[in-house]
Structures are given as structure tokens and as C-alpha cells.
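Novice: This is the structure, below, for whatever I ask next.
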Amino acid sequence: NPTLEWERQHQSNIGMDIAAFNNRISLSVDVYNKNITSLLLPFNLAPSSGFYNEQINVASMNTKGVDINLQATPVKTRNFEWQMTFNWSRYQSKITHLLPGRDSVSLALRVGEPPSGVLVNYVYDGLYQQGDDFTLNPNGKPGDIRIKDLNHDGKITPQDQTIVGYNIPGGWGGFWNWFHYKSLSLTFLASYEYGQQLNNLPYTNLTYYNSWFG
């Protein structure tokens with residue numbers, strides 16, 4: 001690909017550090033805004049080309065986020081000391097530009113959506129009942145999953161799939177503690193994340209694909 005070029009990144013950061021009580025408590029906050037242009041991604045080629053895909057500069061994207069870190073020493077005596085660290089992060093990414101004249105190159109890669117973490121699948125529309133019209137699923141039976149015909153072509157095909165969720169957390173972080181008593185030490189670490197949707201692949205295969213595609 002003679003037109004291939006390096007990805008370009010422009011990032012701006014604003015940070016703040018605060019400490020108090022003789023550094024017993026400190027807070028660090030970092031806010032960033034990052035733009036990437038000429039994003040390299042594999043692009044599927046026609047079978048007649050003899051190649052499966054090629055790397056092309058397909059997109060531009062923007063990422064905004066914040067990182068917060070809090071450190072403290074709540075207790076410090078001659079025999080006992082407790083130190084802790086709590087951090088929290090959050091970011092949002094979206095595609096801002098694609099190939100000229102295109103607002104999408106696949107269901108999962110389109111302008112305004114994240115570049116990754118997009119869940120694409122069929123849309124659940126309830127269960128078939130006795131007496132229902134089985135035109136969309138001629139081999140179906142009562143109790144089978146009903147799938148929405150999103151493009152209204154009278155049949156269920158991969159073109160009826162759409163974005164059904166995102167597995168990008170709304171935020172995540174960790175909580176670290178260190179306890180020291182005389183010659184004994186104990187470290188405790190916990191991490192967390194929240195706000196994302198999960199794809200239960202075994203359940204999806206069992207309900208959608210076994211019911212519809214055998």
C-alpha cells in the first residue's frame with residue numbers, strides 16, 4: 001500500500017497535585033484529550049485480490065479521560081502504620097472520521113462509536129408462541145427465540161445484526177492497603193469496574209444460533 005503512513009497523535013493534559021498534613025494525604029488528578037489521525041486498521045479485501053486484508057489509514061479517533069489517585073496514611077504510630085491508595089479512571093473514545101464518503105466500514109466500526117468494545121448481535125424480540133407466524137423462522141417451534149427483522153426483507157440474515165451494547169467500563173480502579181505492626185506486614189488489594197455490558201457467549205450460542213441456525 002504506497003499510501004500507507006504512520007499514525008499521528010496529538011494529546012493535551014491538565015494535571016493537579018495536592019498534598020497536606022505533612023504529605024499524609026496527597027491527591028493527583030490528570031485530565032487528558034487525545035486525537036489520533038491516520039489510524040491503522042486491517043481492511044478486508046475482495047477474495048479476487050488474493051489477500052485477506054491490508055493495513056490502511058482508515059480512521060481518526062478522539063479519546064477523553066480522567067485519572068484520579070488518592071494516597072493517605074490514616075494511622076502512623078511507633079508500632080503501627082496504615083497506608084492506603086485509591087484510584088479511579090474513566091475514558092470515552094469515539095471514531096470521528098472514516099474513509100472519504102463513508103460513515104461506517106462495518107457494524108462495529110462507524111463514526112460516533114467507540115473503536116473497540118462494541119457488542120454486535122441480533123435483537124431479541126421475545127419467544128414464539130403457539131399460533132404465531134413462523135415465516136421468519138420456518139423451522140421454528142413455540143418457545144424458540146424470536147429475532148427482529150431489522151431490514152424488513154422478510155428473512156433473518158447477518159444484515160439484521162446491530163449494536164446491542166458496549167463492554168467498555170464506565171469507570172474502574174483499585175484500592176490498596178498496607179498494614180504494618182512491629183515486624184508484621186499485611187497488604188490488601190482490590191480492584192473494581194462498573195458500567196459495562198457483558199456478552200454471555202455460551203448463552204448467546206445456545207439461544208440464538210442453536211434455535212435459528214441448527
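If you're wondering about the labels, chains in the C-alpha cells are A, B, ... by order shown, residues count from 1 in each chain, ligands from 1 in order shown.
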Please list as a ChimeraX atom specification every residue within 7 Å of Gln55 (chain A), counting only C-alpha atoms and excluding residues in the same chain fewer than 6 positions away.

Specialist: /A:40-43

Novice: Pick out each residue of chain A that DSSP on the backbone tags as alpha helix (DSSP H); I need them as a PyMOL selection string.

Specialist: chain A and resi 201-204+210-213

Novice: Take the residues from that selection and write them out as an mmCIF file, in the first residue's frame, keeping C-alpha atoms.

Specialist:
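Dumped everything to part-v4.cif:
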```cif
data_model
loop_
_atom_site.group_PDB
_atom_site.id
_atom_site.type_symbol
_atom_site.label_atom_id
_atom_site.label_comp_id
_atom_site.auth_asym_id
_atom_site.auth_seq_id
_atom_site.Cartn_x
_atom_site.Cartn_y
_atom_site.Cartn_z
ATOM 1 C CA LEU A 201 -21.300 -16.091 24.650
ATOM 2 C CA PRO A 202 -22.371 -19.642 25.695
ATOM 3 C CA TYR A 203 -25.909 -18.391 26.375
ATOM 4 C CA THR A 204 -25.959 -16.476 23.073
ATOM 5 C CA ASN A 210 -28.908 -23.252 18.137
ATOM 6 C CA SER A 211 -32.512 -22.106 17.822
ATOM 7 C CA TRP A 212 -32.110 -20.421 14.446
ATOM 8 C CA PHE A 213 -29.193 -21.942 12.656
#
```

Novice: Tell me, counting only C-alpha atoms, for each residue of region 88-136 of chain A within 12 Å of region 166-171 of chain A, which pair of atoms is nearest and how far apart they are in Å to one decimal, in rows ordered by chain and increasing number, as a tab-separated table.

Specialist:
```
residue	atom	partner	partner_atom	distance
A:Trp88	CA	A:Gly171	CA	6.9
A:Ser89	CA	A:Gly171	CA	5.6
A:Arg90	CA	A:Gly171	CA	4.6
A:Tyr91	CA	A:Gly171	CA	7.6
A:Gln92	CA	A:Gly170	CA	8.5
A:Ser93	CA	A:Ile168	CA	9.7
A:Lys94	CA	A:Ile168	CA	11.8
A:Ala108	CA	A:Tyr166	CA	10.3
A:Glu113	CA	A:Tyr166	CA	9.8
A:Pro114	CA	A:Tyr166	CA	8.7
A:Pro115	CA	A:Ile168	CA	10.7
A:Ser116	CA	A:Ile168	CA	8.3
A:Gly117	CA	A:Asn167	CA	5.1
A:Val118	CA	A:Tyr166	CA	4.8
A:Leu119	CA	A:Tyr166	CA	5.5
A:Val120	CA	A:Tyr166	CA	8.9
A:Asn121	CA	A:Tyr166	CA	11.4
```

Novice: Residues of the last selection are to be written out with N, CA and C atoms, as a PDB file, in the first residue's frame.

Specialist:
```pdb
ATOM      1  N   TRP A  88      -9.095   5.950  40.564  1.00  0.00           N
ATOM      2  CA  TRP A  88     -10.286   5.847  39.719  1.00  0.00           C
ATOM      3  C   TRP A  88      -9.970   6.424  38.349  1.00  0.00           C
ATOM      4  N   SER A  89     -10.405   5.745  37.295  1.00  0.00           N
ATOM      5  CA  SER A  89     -10.161   6.189  35.930  1.00  0.00           C
ATOM      6  C   SER A  89     -11.424   6.036  35.107  1.00  0.00           C
ATOM      7  N   ARG A  90     -11.501   6.878  34.102  1.00  0.00           N
ATOM      8  CA  ARG A  90     -12.631   6.818  33.171  1.00  0.00           C
ATOM      9  C   ARG A  90     -12.179   7.432  31.846  1.00  0.00           C
ATOM     10  N   TYR A  91     -12.616   6.841  30.741  1.00  0.00           N
ATOM     11  CA  TYR A  91     -12.327   7.441  29.449  1.00  0.00           C
ATOM     12  C   TYR A  91     -13.462   7.141  28.475  1.00  0.00           C
ATOM     13  N   GLN A  92     -13.544   7.945  27.436  1.00  0.00           N
ATOM     14  CA  GLN A  92     -14.507   7.740  26.363  1.00  0.00           C
ATOM     15  C   GLN A  92     -13.783   7.937  25.038  1.00  0.00           C
ATOM     16  N   SER A  93     -13.953   6.989  24.131  1.00  0.00           N
ATOM     17  CA  SER A  93     -13.354   7.075  22.803  1.00  0.00           C
ATOM     18  C   SER A  93     -14.439   6.988  21.746  1.00  0.00           C
ATOM     19  N   LYS A  94     -14.224   7.665  20.643  1.00  0.00           N
ATOM     20  CA  LYS A  94     -15.160   7.552  19.524  1.00  0.00           C
ATOM     21  C   LYS A  94     -14.433   7.829  18.212  1.00  0.00           C
ATOM     22  N   ALA A 108     -19.460  -2.656  13.634  1.00  0.00           N
ATOM     23  CA  ALA A 108     -18.765  -2.292  14.862  1.00  0.00           C
ATOM     24  C   ALA A 108     -17.828  -1.110  14.699  1.00  0.00           C
ATOM     25  N   GLU A 113     -19.047   6.019  17.203  1.00  0.00           N
ATOM     26  CA  GLU A 113     -18.998   4.853  18.074  1.00  0.00           C
ATOM     27  C   GLU A 113     -17.563   4.598  18.532  1.00  0.00           C
ATOM     28  N   PRO A 114     -17.383   3.863  19.644  1.00  0.00           N
ATOM     29  CA  PRO A 114     -16.026   3.510  20.081  1.00  0.00           C
ATOM     30  C   PRO A 114     -15.327   2.635  19.052  1.00  0.00           C
ATOM     31  N   PRO A 115     -13.990   2.693  18.974  1.00  0.00           N
ATOM     32  CA  PRO A 115     -13.255   1.858  18.017  1.00  0.00           C
ATOM     33  C   PRO A 115     -13.181   0.394  18.435  1.00  0.00           C
ATOM     34  N   SER A 116     -13.481   0.098  19.683  1.00  0.00           N
ATOM     35  CA  SER A 116     -13.472  -1.279  20.178  1.00  0.00           C
ATOM     36  C   SER A 116     -14.473  -1.387  21.319  1.00  0.00           C
ATOM     37  N   GLY A 117     -14.736  -2.628  21.751  1.00  0.00           N
ATOM     38  CA  GLY A 117     -15.662  -2.822  22.857  1.00  0.00           C
ATOM     39  C   GLY A 117     -17.122  -2.741  22.462  1.00  0.00           C
ATOM     40  N   VAL A 118     -17.414  -2.825  21.154  1.00  0.00           N
ATOM     41  CA  VAL A 118     -18.796  -2.751  20.671  1.00  0.00           C
ATOM     42  C   VAL A 118     -19.346  -4.174  20.533  1.00  0.00           C
ATOM     43  N   LEU A 119     -20.519  -4.417  21.089  1.00  0.00           N
ATOM     44  CA  LEU A 119     -21.160  -5.730  21.012  1.00  0.00           C
ATOM     45  C   LEU A 119     -22.192  -5.718  19.888  1.00  0.00           C
ATOM     46  N   VAL A 120     -21.991  -6.574  18.909  1.00  0.00           N
ATOM     47  CA  VAL A 120     -22.886  -6.669  17.755  1.00  0.00           C
ATOM     48  C   VAL A 120     -23.594  -8.016  17.793  1.00  0.00           C
ATOM     49  N   ASN A 121     -24.912  -7.994  17.659  1.00  0.00           N
ATOM     50  CA  ASN A 121     -25.654  -9.251  17.682  1.00  0.00           C
ATOM     51  C   ASN A 121     -27.058  -9.011  17.141  1.00  0.00           C
TER      52      ASN A 121
END
```

Novice: Within 8 Å of region 155-163 of chain A, counting only C-alpha atoms, which residues show up once you throw out same-chain ones fewer than 3 positions away? Write them as number ranges by chain, please.

Specialist: A: 107-108, 118-123, 135-137, 147-152

Novice: Excluding Gly131 (chain A) and its own-chain neighbours fewer than 5 positions away, which residues fall within 12 Å of it when counting only C-alpha atoms? Please give them as a PyMOL selection string.

Specialist: chain A and resi 140-143

Novice: Dump as a tab-separated table the rows for residues of region 60-143 of chain A within 7 Å of region 176-182 of chain A: closest atom pair and distance in Å with one decimal, only C-alpha atoms counted, ordered by chain and rising residue number.

Specialist:
```
residue	atom	partner	partner_atom	distance
A:Asn79	CA	A:Lys182	CA	5.1
A:Phe80	CA	A:Tyr181	CA	4.5
A:Glu81	CA	A:His180	CA	5.2
A:Trp82	CA	A:Phe179	CA	4.7
A:Gln83	CA	A:Trp178	CA	5.1
A:Met84	CA	A:Asn177	CA	4.4
A:Thr85	CA	A:Trp176	CA	5.0
A:Phe86	CA	A:Trp176	CA	6.4
```

Novice: Write the residues of the preceding selection, restricted to C-alpha atoms, as a PDB file, in the first residue's frame.

Specialist:
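Final output, saved to part.pdb:
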```pdb
ATOM      1  CA  ASN A  79       4.369   0.323  66.379  1.00  0.00           C
ATOM      2  CA  PHE A  80       1.604   0.554  63.803  1.00  0.00           C
ATOM      3  CA  GLU A  81       1.221   2.158  60.380  1.00  0.00           C
ATOM      4  CA  TRP A  82      -1.567   2.062  57.810  1.00  0.00           C
ATOM      5  CA  GLN A  83      -1.078   3.314  54.256  1.00  0.00           C
ATOM      6  CA  MET A  84      -3.737   3.320  51.545  1.00  0.00           C
ATOM      7  CA  THR A  85      -4.112   4.239  47.883  1.00  0.00           C
ATOM      8  CA  PHE A  86      -7.367   4.665  45.981  1.00  0.00           C
TER       9      PHE A  86
END
```

Novice: Taking the DSSP secondary structure from the backbone, can you list the residues of region 45-193 of chain A that are strand (DSSP E), as a PyMOL selection string?

Specialist: chain A and resi 53-76+80-97+104-106+109-110+118-121+124-127+145-147+162-166+171-181+184-193

Novice: Would you mind telling me which residue in A:Tyr52, A:Phe21, A:Tyr32, A:Tyr124 lies nearest to Val164 (chain A) when using only C-alpha atoms?

Specialist: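 Result for the nearest residue to Val164 (chain A): A:Tyr124.
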
Novice: Which distance in Å separates CA of Asn44 (chain A) and CA of Thr96 (chain A), to one decimal?

Specialist: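 Rounded to one decimal, the two atoms are 20.6 Å apart.
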